[in-house]
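Text of model-v2.txt, listed as compact mmCIF, C-alpha atoms:
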```
# COMPACT_ATOMS: atom_id res chain seq x y z
CA MET A 421 -20.90 33.92 40.35
CA ALA A 422 -22.29 34.30 36.86
CA GLN A 423 -18.82 35.11 35.65
CA LYS A 424 -17.45 31.86 37.00
CA ALA A 425 -20.22 29.89 35.35
CA GLY A 426 -19.52 31.70 32.09
CA ARG A 427 -15.86 30.82 32.29
CA ARG A 428 -16.70 27.20 32.91
CA TYR A 429 -18.86 27.11 29.80
CA VAL A 430 -16.06 28.64 27.76
CA ARG A 431 -13.65 26.03 29.10
CA ALA A 432 -15.99 23.21 28.28
CA PHE A 433 -16.60 24.60 24.82
CA VAL A 434 -12.92 24.95 23.97
CA SER A 435 -11.97 21.52 25.24
CA GLY A 436 -14.93 20.04 23.40
CA PHE A 437 -13.92 21.94 20.28
CA PHE A 438 -10.53 20.29 20.18
CA VAL A 439 -12.18 16.91 20.29
CA ALA A 440 -15.11 17.56 17.99
CA VAL A 441 -13.39 19.25 15.06
CA PRO A 442 -10.64 16.70 14.36
CA VAL A 443 -13.02 13.79 14.88
CA THR A 444 -15.62 15.28 12.54
CA VAL A 445 -13.06 16.09 9.88
CA THR A 446 -11.60 12.58 10.10
CA VAL A 447 -15.03 10.96 9.87
CA LEU A 448 -15.94 13.04 6.81
CA ASP A 449 -12.62 12.28 5.15
CA ARG A 450 -12.35 8.60 5.92
CA LEU A 451 -15.75 7.13 6.64
CA ALA A 452 -18.72 8.66 4.88
CA TYR A 453 -20.48 11.86 4.12
CA VAL A 454 -23.79 12.98 2.83
CA ALA A 455 -24.31 14.88 -0.41
CA ARG A 456 -27.21 16.23 -2.39
CA VAL A 457 -27.42 15.24 -6.01
CA ASP A 458 -27.85 18.10 -8.48
CA GLY A 459 -28.77 17.77 -12.09
CA ALA A 460 -30.53 15.31 -14.33
CA SER A 461 -27.62 13.26 -15.56
CA MET A 462 -28.40 10.20 -13.45
CA GLN A 463 -32.14 9.99 -14.10
CA PRO A 464 -34.06 7.76 -13.49
CA SER A 465 -31.84 6.16 -10.83
CA LEU A 466 -31.15 9.38 -8.94
CA ASN A 467 -33.24 12.57 -8.93
CA PRO A 468 -36.24 11.20 -10.84
CA GLU A 469 -38.31 14.24 -9.94
CA GLY A 470 -35.63 16.69 -10.96
CA ALA A 471 -34.76 19.86 -9.10
CA SER A 472 -38.01 20.00 -7.13
CA ALA A 473 -37.09 17.05 -4.91
CA PRO A 474 -33.35 16.35 -5.13
CA ASP A 475 -32.05 13.08 -3.73
CA VAL A 476 -29.58 13.04 -0.89
CA VAL A 477 -27.12 10.15 -0.99
CA LEU A 478 -24.69 8.70 1.50
CA LEU A 479 -21.19 8.59 -0.01
CA ASN A 480 -19.14 5.82 1.49
CA ARG A 481 -15.46 6.76 1.54
CA TRP A 482 -14.28 3.75 3.55
CA SER A 483 -15.18 1.27 0.82
CA VAL A 484 -13.10 3.06 -1.81
CA ARG A 485 -9.99 3.46 0.33
CA ASN A 486 -8.33 0.64 -1.66
CA TYR A 487 -9.81 1.78 -4.96
CA GLN A 488 -11.96 -1.31 -5.32
CA VAL A 489 -15.03 -0.58 -7.38
CA GLN A 490 -17.26 -2.84 -9.45
CA ARG A 491 -18.97 -2.23 -12.73
CA GLY A 492 -22.35 -0.67 -12.05
CA ASP A 493 -21.41 1.17 -8.84
CA ILE A 494 -22.39 4.79 -8.56
CA VAL A 495 -19.27 6.72 -7.60
CA SER A 496 -18.37 10.33 -7.06
CA VAL A 497 -15.28 11.64 -8.80
CA VAL A 498 -13.34 14.84 -8.20
CA ARG A 499 -12.43 17.03 -11.11
CA LEU A 500 -11.50 20.61 -11.55
CA SER A 501 -14.29 22.13 -13.55
CA GLU A 502 -13.60 23.21 -17.08
CA LYS A 503 -15.18 26.62 -16.54
CA PRO A 504 -12.97 28.79 -14.39
CA TYR A 505 -14.12 31.66 -12.27
CA LEU A 506 -12.06 34.73 -11.54
CA CYS A 507 -10.61 34.73 -8.05
CA LEU A 508 -11.37 38.14 -6.54
CA VAL A 509 -8.26 38.16 -4.36
CA SER A 510 -5.55 37.27 -6.81
CA GLY A 511 -7.32 38.15 -10.05
CA SER A 512 -6.35 34.88 -11.65
CA PRO A 513 -8.82 32.33 -12.97
CA LYS A 514 -9.42 29.38 -10.70
CA ASN A 515 -11.14 26.13 -11.45
CA PRO A 516 -13.41 25.07 -8.63
CA LYS A 517 -13.40 21.45 -7.56
CA GLN A 518 -16.40 19.64 -8.87
CA LYS A 519 -17.70 16.35 -7.55
CA ILE A 520 -19.41 14.40 -10.27
CA ILE A 521 -21.69 11.45 -9.45
CA LYS A 522 -21.85 8.87 -12.21
CA ARG A 523 -22.08 5.15 -12.75
CA VAL A 524 -19.01 2.99 -13.44
CA ILE A 525 -19.52 1.29 -16.79
CA ALA A 526 -16.11 -0.25 -17.42
CA LEU A 527 -12.97 -1.01 -15.46
CA GLU A 528 -9.37 -1.11 -16.59
CA GLY A 529 -8.75 -3.43 -19.49
CA ASP A 530 -12.36 -3.45 -20.72
CA PHE A 531 -13.08 -2.92 -24.36
CA ILE A 532 -16.13 -0.73 -24.84
CA LYS A 533 -18.12 1.12 -27.43
CA THR A 534 -18.42 4.81 -26.63
CA LEU A 535 -21.32 7.20 -27.19
CA GLY A 536 -19.98 10.34 -28.73
CA TYR A 537 -16.35 10.18 -27.69
CA LYS A 538 -13.67 10.96 -30.24
CA ASN A 539 -12.84 7.24 -30.62
CA ARG A 540 -15.65 4.85 -31.42
CA TYR A 541 -14.14 1.86 -29.64
CA LEU A 542 -11.75 2.09 -26.76
CA ARG A 543 -9.78 -0.03 -24.36
CA VAL A 544 -9.88 1.54 -20.92
CA PRO A 545 -6.23 2.03 -19.84
CA ASP A 546 -4.78 0.55 -16.65
CA GLY A 547 -5.67 2.41 -13.50
CA HIS A 548 -8.60 4.18 -15.19
CA LEU A 549 -12.38 3.88 -15.26
CA TRP A 550 -15.14 4.71 -17.68
CA ILE A 551 -18.04 6.49 -16.04
CA GLU A 552 -21.35 7.47 -17.58
CA GLY A 553 -24.56 9.05 -16.44
CA ASP A 554 -27.75 7.10 -16.85
CA HIS A 555 -29.39 9.89 -18.82
CA HIS A 556 -27.20 9.76 -21.88
CA GLY A 557 -27.96 12.99 -23.66
CA HIS A 558 -27.64 15.22 -20.61
CA SER A 559 -24.51 13.95 -19.02
CA PHE A 560 -21.02 15.38 -18.64
CA ASP A 561 -19.11 12.14 -18.31
CA SER A 562 -16.40 10.00 -19.85
CA ASN A 563 -17.98 10.40 -23.26
CA THR A 564 -16.87 14.02 -23.04
CA PHE A 565 -13.57 13.91 -21.15
CA GLY A 566 -12.38 10.33 -21.60
CA PRO A 567 -11.36 7.72 -19.06
CA VAL A 568 -10.98 8.86 -15.47
CA SER A 569 -8.02 7.91 -13.27
CA LEU A 570 -8.82 5.69 -10.27
CA GLY A 571 -7.05 8.12 -7.97
CA LEU A 572 -9.78 10.69 -8.58
CA ILE A 573 -12.46 8.54 -6.98
CA HIS A 574 -13.90 10.24 -3.95
CA GLY A 575 -16.62 7.92 -2.70
CA LYS A 576 -19.18 5.30 -3.58
CA ALA A 577 -22.86 6.16 -3.28
CA SER A 578 -24.26 3.37 -1.17
CA HIS A 579 -27.68 4.56 0.02
CA ILE A 580 -30.29 7.14 -0.88
CA ILE A 581 -31.33 8.65 2.42
CA TRP A 582 -33.74 11.45 1.47
CA PRO A 583 -36.61 11.81 0.64
CA PRO A 584 -37.89 9.12 3.00
CA ASN A 585 -40.05 7.41 0.40
CA ARG A 586 -36.91 6.75 -1.65
CA TRP A 587 -34.87 5.27 1.17
CA GLN A 588 -32.96 2.36 -0.40
CA LYS A 589 -29.61 0.70 -0.75
CA ILE A 590 -28.16 1.35 -4.19
CA LYS A 591 -27.37 -1.90 -5.99
CA PRO A 592 -24.67 -1.98 -8.64
CA SER A 593 -26.21 -2.55 -12.06
CA VAL A 594 -24.91 -1.84 -15.51
CA PRO A 595 -27.50 -1.01 -18.19
CA PRO A 596 -27.60 -4.04 -20.50
CA ASP A 597 -26.82 -2.05 -23.62
CA ARG A 598 -23.72 -0.49 -22.08
CA ARG A 599 -21.92 -3.62 -20.96
CA PRO A 600 -18.28 -3.88 -22.04
CA MET A 601 -17.69 -6.00 -25.09
CA LEU A 602 -14.86 -7.98 -23.69
CA ASN A 603 -12.09 -7.68 -21.18
CA TRP A 604 -8.44 -8.04 -21.97
CA GLY A 605 -6.94 -10.44 -19.49
CA GLU A 606 -10.09 -11.38 -17.58
CA SER A 607 -12.48 -14.25 -18.12
CA THR A 608 -16.00 -13.26 -19.14
CA GLU A 609 -18.40 -13.29 -16.22
CA ASP A 610 -22.12 -13.59 -16.28
CA GLU A 611 -23.76 -10.51 -14.86
CA ASP A 612 -26.85 -10.81 -12.73
CA ASP A 613 -30.11 -9.62 -14.18
CA ASP A 614 -30.67 -5.94 -13.67
CA GLU A 615 -33.64 -4.84 -11.62
CA GLU A 616 -35.24 -1.86 -13.29
CA LYS A 617 -36.81 0.47 -10.76
CA MET B 285 -11.83 -2.09 41.15
CA VAL B 286 -13.31 -3.19 37.85
CA TYR B 287 -14.81 0.25 37.37
CA ARG B 288 -11.41 1.88 37.76
CA VAL B 289 -9.87 -0.35 35.11
CA LEU B 290 -12.85 0.19 32.83
CA GLY B 291 -12.64 3.92 33.37
CA ARG B 292 -8.97 4.02 32.53
CA ALA B 293 -9.52 1.83 29.48
CA LEU B 294 -12.25 4.12 28.21
CA GLY B 295 -10.10 7.14 28.84
CA PHE B 296 -7.26 5.53 26.91
CA VAL B 297 -9.55 4.74 23.98
CA GLY B 298 -10.83 8.29 24.01
CA PHE B 299 -7.34 9.73 23.91
CA THR B 300 -6.39 7.35 21.13
CA VAL B 301 -9.31 8.41 19.00
CA GLN B 302 -8.66 12.08 19.65
CA TYR B 303 -4.93 11.94 18.91
CA GLY B 304 -5.51 9.74 15.90
CA CYS B 305 -7.94 12.25 14.46
CA ILE B 306 -5.58 15.13 15.20
CA ALA B 307 -2.80 13.20 13.46
CA HIS B 308 -5.02 12.56 10.45
CA CYS B 309 -5.89 16.24 10.20
CA ALA B 310 -2.24 17.21 10.50
CA PHE B 311 -1.09 14.79 7.80
CA GLU B 312 -3.98 15.56 5.50
CA TYR B 313 -4.09 19.33 5.72
CA ILE B 314 -0.67 20.46 6.93
CA GLY B 315 2.14 18.17 5.80
CA GLU B 316 3.85 14.84 6.05
CA PHE B 317 7.24 13.22 5.69
CA VAL B 318 7.78 11.23 2.52
CA VAL B 319 10.55 8.85 1.55
CA CYS B 320 11.50 9.19 -2.09
CA SER B 321 12.91 6.31 -4.05
CA GLY B 322 14.07 6.12 -7.61
CA PRO B 323 16.46 8.14 -9.74
CA SER B 324 13.98 10.32 -11.59
CA MET B 325 14.58 13.51 -9.63
CA GLU B 326 18.36 13.46 -9.41
CA PRO B 327 20.32 15.55 -8.55
CA THR B 328 17.66 17.45 -6.60
CA ILE B 329 16.26 14.48 -4.70
CA THR B 330 18.30 11.30 -4.67
CA ASN B 331 17.30 7.76 -3.90
CA HIS B 332 16.11 7.22 -0.31
CA ASN B 333 15.92 10.89 0.56
CA VAL B 334 13.40 11.95 3.17
CA VAL B 335 11.47 15.07 2.22
CA PHE B 336 8.71 17.01 3.87
CA SER B 337 5.72 17.78 1.68
CA GLU B 338 3.16 20.35 2.67
CA ARG B 339 -0.50 20.12 1.74
CA ILE B 340 -1.57 23.69 2.26
CA SER B 341 -0.67 25.00 -1.19
CA ARG B 342 -2.46 22.12 -2.80
CA HIS B 343 -5.71 22.87 -1.01
CA LEU B 344 -5.44 26.57 -1.76
CA TYR B 345 -4.60 25.95 -5.44
CA ARG B 346 -1.21 27.59 -5.15
CA ILE B 347 0.84 24.99 -6.99
CA GLU B 348 2.95 26.89 -9.49
CA LYS B 349 5.32 26.17 -12.33
CA GLY B 350 8.64 24.93 -11.00
CA ASP B 351 7.29 23.36 -7.81
CA ILE B 352 8.22 19.81 -6.96
CA VAL B 353 5.04 17.93 -6.16
CA ILE B 354 4.04 14.52 -4.90
CA ALA B 355 1.13 13.15 -6.92
CA LYS B 356 -0.77 9.88 -7.17
CA SER B 357 0.30 7.95 -10.20
CA PRO B 358 -2.39 8.12 -12.89
CA PHE B 359 -1.95 4.46 -13.72
CA ASN B 360 -1.70 3.05 -10.22
CA PRO B 361 -3.38 5.12 -7.52
CA ARG B 362 -1.61 3.22 -4.75
CA MET B 363 1.76 4.53 -5.89
CA ASN B 364 2.99 8.06 -5.66
CA VAL B 365 5.30 9.94 -7.96
CA CYS B 366 7.54 12.86 -7.15
CA LYS B 367 8.05 15.19 -10.11
CA ARG B 368 8.43 18.83 -10.99
CA VAL B 369 5.61 20.89 -12.47
CA ILE B 370 6.75 22.08 -15.88
CA GLY B 371 3.47 23.50 -17.11
CA ILE B 372 0.11 24.40 -15.61
CA GLU B 373 -3.17 24.66 -17.49
CA GLY B 374 -3.03 26.66 -20.65
CA ASP B 375 0.75 26.39 -21.05
CA LYS B 376 2.44 25.14 -24.18
CA VAL B 377 4.93 22.35 -23.46
CA CYS B 378 7.42 20.67 -25.71
CA THR B 379 6.90 16.95 -26.02
CA SER B 380 9.72 15.95 -28.33
CA GLU B 381 13.18 14.78 -27.30
CA PRO B 382 15.95 17.41 -27.22
CA SER B 383 17.71 15.52 -29.99
CA ASP B 384 14.78 15.64 -32.41
CA THR B 385 14.98 18.01 -35.34
CA PHE B 386 11.27 18.74 -35.49
CA LYS B 387 9.79 19.87 -32.19
CA THR B 388 6.27 18.95 -31.24
CA HIS B 389 4.23 20.93 -28.75
CA THR B 390 1.05 20.40 -26.88
CA PHE B 391 -1.18 22.56 -24.72
CA VAL B 392 -1.92 21.52 -21.17
CA PRO B 393 -5.71 21.26 -20.83
CA ARG B 394 -7.70 22.98 -18.07
CA GLY B 395 -7.52 21.33 -14.68
CA HIS B 396 -4.31 19.45 -15.53
CA VAL B 397 -0.58 19.89 -14.99
CA TRP B 398 2.46 18.67 -16.87
CA LEU B 399 5.00 16.85 -14.71
CA GLU B 400 8.58 15.99 -15.57
CA GLY B 401 11.40 14.60 -13.50
CA ASP B 402 14.71 16.45 -13.23
CA ASN B 403 16.63 13.46 -14.52
CA LEU B 404 15.11 13.57 -17.99
CA SER B 405 16.91 10.52 -19.32
CA ASN B 406 15.60 8.23 -16.57
CA SER B 407 12.12 9.39 -15.74
CA THR B 408 8.63 8.18 -16.61
CA ASP B 409 6.51 11.28 -16.50
CA SER B 410 4.02 13.32 -18.49
CA ARG B 411 6.08 12.79 -21.61
CA SER B 412 4.85 9.19 -21.58
CA TYR B 413 1.47 9.35 -19.86
CA GLY B 414 0.26 12.82 -20.73
CA PRO B 415 -1.00 15.64 -18.53
CA VAL B 416 -1.99 14.74 -15.00
CA PRO B 417 -5.26 16.00 -13.44
CA TYR B 418 -4.69 18.58 -10.72
CA ALA B 419 -6.81 16.63 -8.24
CA LEU B 420 -4.23 13.82 -8.21
CA ILE B 421 -1.59 16.11 -6.68
CA ARG B 422 -1.11 15.37 -2.99
CA GLY B 423 1.34 18.01 -1.84
CA ARG B 424 4.29 20.22 -2.61
CA VAL B 425 7.78 19.25 -1.50
CA CYS B 426 9.30 22.05 0.49
CA LEU B 427 12.05 20.64 2.72
CA LYS B 428 14.62 17.90 2.38
CA VAL B 429 16.06 16.03 5.35
CA ARG B 430 19.79 15.46 5.03
CA LYS B 431 22.09 12.89 6.55
CA VAL B 432 19.71 9.98 6.68
CA ARG B 433 21.38 6.94 8.16
CA LYS B 434 20.15 3.99 6.19
CA PHE B 435 18.24 1.49 8.18
CA TYR B 436 15.13 0.33 6.53
CA ILE B 437 12.73 -2.51 6.79
CA MET B 438 10.93 -3.63 3.67
CA TYR B 439 7.53 -5.06 4.22
CA ASN B 440 5.72 -5.70 1.00
CA LEU B 441 2.03 -6.48 1.33
CA HIS B 442 -0.08 -7.08 -1.70
CA TYR B 443 -0.36 -3.31 -1.89
CA PRO B 444 2.86 -1.74 -3.09
CA TYR B 445 3.47 0.20 0.12
CA ARG B 446 6.87 -0.06 1.59
CA PHE B 447 7.08 0.24 5.35
CA CYS B 448 10.38 1.97 5.94
CA ALA B 449 11.66 3.29 9.21
CA TYR B 450 14.40 5.85 8.97
CA TRP B 451 15.69 6.81 12.38
CA TRP B 452 16.37 10.44 11.66
CA GLY B 453 13.32 11.32 9.60
CA VAL B 454 10.74 9.46 11.62
CA GLY B 455 12.47 10.12 14.92
CA PHE B 456 12.33 13.83 14.31
CA CYS B 457 8.64 13.48 13.59
CA TYR B 458 8.06 11.60 16.85
CA LEU B 459 9.99 14.12 18.93
CA LEU B 460 8.18 17.05 17.43
CA LEU B 461 4.78 15.52 18.02
CA LEU B 462 5.71 14.41 21.55
CA PHE B 463 6.81 17.91 22.40
CA LEU B 464 3.72 19.53 20.95
CA PHE B 465 1.27 17.17 22.56
CA ALA B 466 3.00 17.27 25.93
CA VAL B 467 2.91 21.05 25.89
CA ALA B 468 -0.69 21.13 24.78
CA LEU B 469 -1.79 18.58 27.32
CA THR B 470 -0.04 20.06 30.31
CA GLY B 471 -0.82 23.56 29.22
CA PHE B 472 -4.50 22.90 28.84
CA ARG B 473 -4.76 20.98 32.03
CA ARG B 474 -3.04 23.60 34.08
CA LEU B 475 -4.92 26.46 32.48
CA TRP B 476 -8.33 25.00 32.88
CA GLY B 477 -7.68 23.79 36.37
CA PHE B 478 -8.08 20.06 35.85
CA GLU B 479 -6.29 18.02 38.44
CA MET B 480 -3.07 16.67 37.09
CA VAL B 481 -1.24 13.66 38.34
CA LEU B 482 2.19 13.70 36.74
CA THR B 483 2.55 10.00 36.12
CA GLY B 484 -1.04 9.71 34.90
CA SER B 485 -0.75 12.41 32.28
CA LEU B 486 2.59 11.17 31.00
CA PHE B 487 1.15 7.71 30.65
CA ASP B 488 -1.81 9.04 28.69
CA CYS B 489 0.47 11.16 26.54
CA SER B 490 2.83 8.36 25.67
CA CYS B 491 0.04 5.90 24.95
CA GLY B 492 -1.57 8.38 22.65
CA LEU B 493 1.69 8.98 20.87
CA LEU B 494 2.33 5.31 20.34
CA ILE B 495 -0.94 5.17 18.47
CA VAL B 496 -0.12 8.32 16.54
CA SER B 497 3.20 6.85 15.59
CA GLY B 498 1.31 4.09 13.84
CA PHE B 499 0.08 6.79 11.50
CA CYS B 500 3.48 8.48 11.31
CA ALA B 501 5.36 5.42 10.34
CA ARG B 502 3.31 4.93 7.20
CA VAL B 503 5.69 7.16 5.31
CA ARG B 504 4.89 6.73 1.67
CA THR B 505 7.52 6.24 -0.94
CA ALA B 506 7.39 8.52 -3.91
CA GLY B 507 9.49 7.79 -6.88
CA GLU B 508 9.27 6.61 -10.40
CA SER B 509 5.99 5.01 -11.11
CA LYS B 510 6.48 1.74 -12.89
CA PRO B 511 3.43 1.65 -15.11
CA ALA B 512 1.82 -1.66 -15.93
CA LEU B 513 2.48 -3.28 -19.26
CA THR B 514 0.25 -1.49 -21.70
CA GLU B 515 -0.66 1.80 -20.10
CA THR B 516 -0.23 4.10 -23.04
CA ASP B 517 -1.79 1.95 -25.73
CA TYR B 518 -5.31 2.84 -26.56
CA PHE B 519 -6.64 0.30 -28.98
CA ILE B 520 -8.14 2.69 -31.45
CA ILE B 521 -10.34 1.23 -34.15
CA ASN B 522 -12.28 3.55 -36.34
```
Translate this structure into structure tokens?
Amino acid sequence: MAQKAGRRYVRAFVSGFFVAVPVTVTVLDRLAYVARVDGASMQPSLNPEGASAPDVVLLNRWSVRNYQVQRGDIVSVVRLSEKPYLCLVSGSPKNPKQKIIKRVIALEGDFIKTLGYKNRYLRVPDGHLWIEGDHHGHSFDSNTFGPVSLGLIHGKASHIIWPPNRWQKIKPSVPPDRRPMLNWGESTEDEDDDEEK
Amino acid sequence: MVYRVLGRALGFVGFTVQYGCIAHCAFEYIGEFVVCSGPSMEPTITNHNVVFSERISRHLYRIEKGDIVIAKSPFNPRMNVCKRVIGIEGDKVCTSEPSDTFKTHTFVPRGHVWLEGDNLSNSTDSRSYGPVPYALIRGRVCLKVRKVRKFYIMYNLHYPYRFCAYWWGVGFCYLLLLFLFAVALTGFRRLWGFEMVLTGSLFDCSCGLLIVSGFCARVRTAGESKPALTETDYFIIN
């Protein structure tokens, strides 16, 4: 009797497994997923208390499926890290995939002034973005590696969901001193006033 | 009566969602059929060839020198390019024309690859837009489908996707999926002792596959990327 009940549980588990795994993977790939923010490069917008109380953000993948981002959005970008580790199996160095969360400062065609990049002034090429962390000195961003291709965008951070006292919807806002100087081929638009938290 | 219809409708929706998710996982992590257009990979891959690209080596970082890969275009992420990997990170590649007297070289930076088409005279590749980040690679081409009878429908939305239906390439895909799902469905149902009504299960199976075919038919074209007007000009003012 117990054996039959056991078999029924196994059956239910396996048939549930074939539903749950593909659906979960599809939701994480297409809709949204949750990620913890490490590091101090986005202070004070994200992680204001540092490593003691890291923020957890909701990364919306559905809204970037057509690569539509605005200036001031916080996005996560995939890169292979510059520091390789040695793969124990094959013995060759491998670069782990890194997901970097930064703010979009300029879109394609914008003409900006950089902070510490090899060129002082730059026009962001077509199909690329310029991303920067809010904490300028401690940030590994476009000022180090240059403009980032739009195809590398992974998701847009839409909400901070942990800790509960920091529950909020993230509004796109570009720091006033980092606005692009002009845009080639676009009319100048008036930005809304930024709300400093 | 209403409950029966509602029950069947819910069951249909459930199957749709499940098969759709299985299809997404298959196309994202295993492989997909791609239609290549453009002359940049001749004579290896000609215009309107259907190829099968697998995703497994891309996720396991096993793309090597000499592989033909499908990658997102760095200047237009909605378009894909199909090129050969000439150099991986750390390699030294030659960037000058074969006819130049003085050769110039460059090193491929970490996390990037150098792509070139086989038809060097008619290919826009890394020689014009520089090394491509590894994360833009979608998959590695491993099989080519021959004898494609040309019947294609062009449907240009404001995204540059082309909706093409090739009977052989896509039909093969349909048949394979139909076979696999029918086997899985009947196999599971018989094994686990669920009651099976023949007409009912075939109906569910075919409905699910019609939905899956909506995913299948979005075969992406991969060919020469036509970059926008000023993609390589950085306005550099010091």
Restricting the calculation to all atoms listed in the file: of A:Trp582, A:Trp587, A:Tyr487, A:Tyr541, which residue gets closest to A:Pro474?
A:Trp582
Using all atoms listed in the file, find each residue in chain A having at least one atom no more than 7 Å away from chain B; report its shortest atom-to-atom pair and that distance in Å (one decimal), rows by chain then rising number, as a Markdown table.
```
| residue | atom | partner | partner_atom | distance |
| --- | --- | --- | --- | --- |
| A:Arg431 | CA | B:Trp476 | CA | 6.6 |
| A:Val439 | CA | B:Gln302 | CA | 6.0 |
| A:Pro442 | CA | B:Cys305 | CA | 5.2 |
| A:Val443 | CA | B:Cys305 | CA | 5.3 |
| A:Thr446 | CA | B:Cys305 | CA | 5.7 |
| A:Val498 | CA | B:Ala419 | CA | 6.8 |
| A:Arg499 | CA | B:Ala419 | CA | 6.3 |
| A:Leu500 | CA | B:Gly395 | CA | 5.1 |
| A:Ser501 | CA | B:Gly395 | CA | 6.9 |
| A:Glu502 | CA | B:Arg394 | CA | 6.0 |
| A:Asn515 | CA | B:Gly395 | CA | 6.8 |
| A:Asn539 | CA | B:Ile520 | CA | 6.6 |
| A:Arg540 | CA | B:Asn522 | CA | 6.1 |
| A:Tyr541 | CA | B:Ile521 | CA | 5.9 |
| A:Leu542 | CA | B:Phe519 | CA | 5.9 |
| A:Arg543 | CA | B:Phe519 | CA | 5.6 |
| A:Pro545 | CA | B:Glu515 | CA | 5.6 |
| A:Asp546 | CA | B:Glu515 | CA | 5.5 |
| A:Gly547 | CA | B:Phe359 | CA | 4.3 |
| A:His548 | CA | B:Phe359 | CA | 6.8 |
| A:Ser569 | CA | B:Pro358 | CA | 5.6 |
| A:Leu570 | CA | B:Pro361 | CA | 6.1 |
| A:Gly571 | CA | B:Pro361 | CA | 4.8 |
| A:Leu572 | CA | B:Leu420 | CA | 6.4 |
```
Do you have the atom CA of B:Gly401-atom CA of B:Ile314 distance handy?
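The value is 24.4 Å.
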Using Å and a single decimal, report how far atom CA of B:Glu348 sits from atom CA of B:Glu373.
10.3 Å
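Atom CA of A:Val484 to atom CA of A:Pro584 spans 26.0 Å [interatomic distance, one decimal].
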Near A:Pro567, within 9 Å and counting only C-alpha atoms, which residues show up once chain neighbours fewer than 6 positions away are dropped, as a ChimeraX atom specification?
/A:544-545,548-551,561
Need the shell around B:Asp402: protein/DNA/RNA residues with any atom at most 10 Å away, counting all atoms listed in the file. Skip same-chain ones fewer than 4 positions apart. Format as an mmCIF file with C-alpha atoms, in the coordinates of the input?
```cif
data_model
loop_
_atom_site.group_PDB
_atom_site.id
_atom_site.type_symbol
_atom_site.label_atom_id
_atom_site.label_comp_id
_atom_site.auth_asym_id
_atom_site.auth_seq_id
_atom_site.Cartn_x
_atom_site.Cartn_y
_atom_site.Cartn_z
ATOM 1 C CA PRO B 323 16.460 8.140 -9.740
ATOM 2 C CA SER B 324 13.980 10.320 -11.590
ATOM 3 C CA MET B 325 14.580 13.510 -9.630
ATOM 4 C CA GLU B 326 18.360 13.460 -9.410
ATOM 5 C CA PRO B 327 20.320 15.550 -8.550
ATOM 6 C CA THR B 328 17.660 17.450 -6.600
ATOM 7 C CA ILE B 329 16.260 14.480 -4.700
ATOM 8 C CA ILE B 352 8.220 19.810 -6.960
ATOM 9 C CA LYS B 367 8.050 15.190 -10.110
ATOM 10 C CA ARG B 368 8.430 18.830 -10.990
ATOM 11 C CA ASN B 406 15.600 8.230 -16.570
ATOM 12 C CA SER B 407 12.120 9.390 -15.740
#
```
If we draw a sphere of 6 Å around (-27.5, 3.6, -1.5), which residues have at least one atom in it when counting only C-alpha atoms? Please report them as JSON, numbers by chain.
{"A": [577, 578, 579, 580, 588, 589, 590]}
For stretch 324-331 of chain B, which lacks atoms in the input, supply N, CA, C and O atoms and format the output as a JSON list (two decimals), in the frame of the given file.
```json
[["chain", "number", "residue", "atom", "x", "y", "z"],
["B", 324, "SER", "N", 14.53, 9.41, -10.60],
["B", 324, "SER", "CA", 13.98, 10.32, -11.59],
["B", 324, "SER", "C", 14.11, 11.78, -11.22],
["B", 324, "SER", "O", 13.82, 12.64, -12.05],
["B", 325, "MET", "N", 14.48, 12.11, -9.99],
["B", 325, "MET", "CA", 14.58, 13.51, -9.63],
["B", 325, "MET", "C", 16.01, 13.88, -9.27],
["B", 325, "MET", "O", 16.23, 14.88, -8.60],
["B", 326, "GLU", "N", 16.97, 13.09, -9.70],
["B", 326, "GLU", "CA", 18.36, 13.46, -9.41],
["B", 326, "GLU", "C", 18.74, 14.66, -10.24],
["B", 326, "GLU", "O", 18.28, 14.82, -11.37],
["B", 327, "PRO", "N", 19.63, 15.54, -9.83],
["B", 327, "PRO", "CA", 20.32, 15.55, -8.55],
["B", 327, "PRO", "C", 19.59, 16.25, -7.41],
["B", 327, "PRO", "O", 20.13, 16.33, -6.31],
["B", 328, "THR", "N", 18.37, 16.69, -7.65],
["B", 328, "THR", "CA", 17.66, 17.45, -6.60],
["B", 328, "THR", "C", 17.29, 16.54, -5.43],
["B", 328, "THR", "O", 17.56, 16.87, -4.29],
["B", 329, "ILE", "N", 16.67, 15.43, -5.75],
["B", 329, "ILE", "CA", 16.26, 14.48, -4.70],
["B", 329, "ILE", "C", 16.82, 13.13, -5.12],
["B", 329, "ILE", "O", 16.47, 12.62, -6.17],
["B", 330, "THR", "N", 17.69, 12.58, -4.30],
["B", 330, "THR", "CA", 18.30, 11.30, -4.67],
["B", 330, "THR", "C", 17.53, 10.15, -4.05],
["B", 330, "THR", "O", 16.59, 10.34, -3.29],
["B", 331, "ASN", "N", 17.96, 8.96, -4.38],
["B", 331, "ASN", "CA", 17.30, 7.76, -3.90],
["B", 331, "ASN", "C", 17.35, 7.71, -2.38],
["B", 331, "ASN", "O", 18.35, 8.02, -1.78]]
```
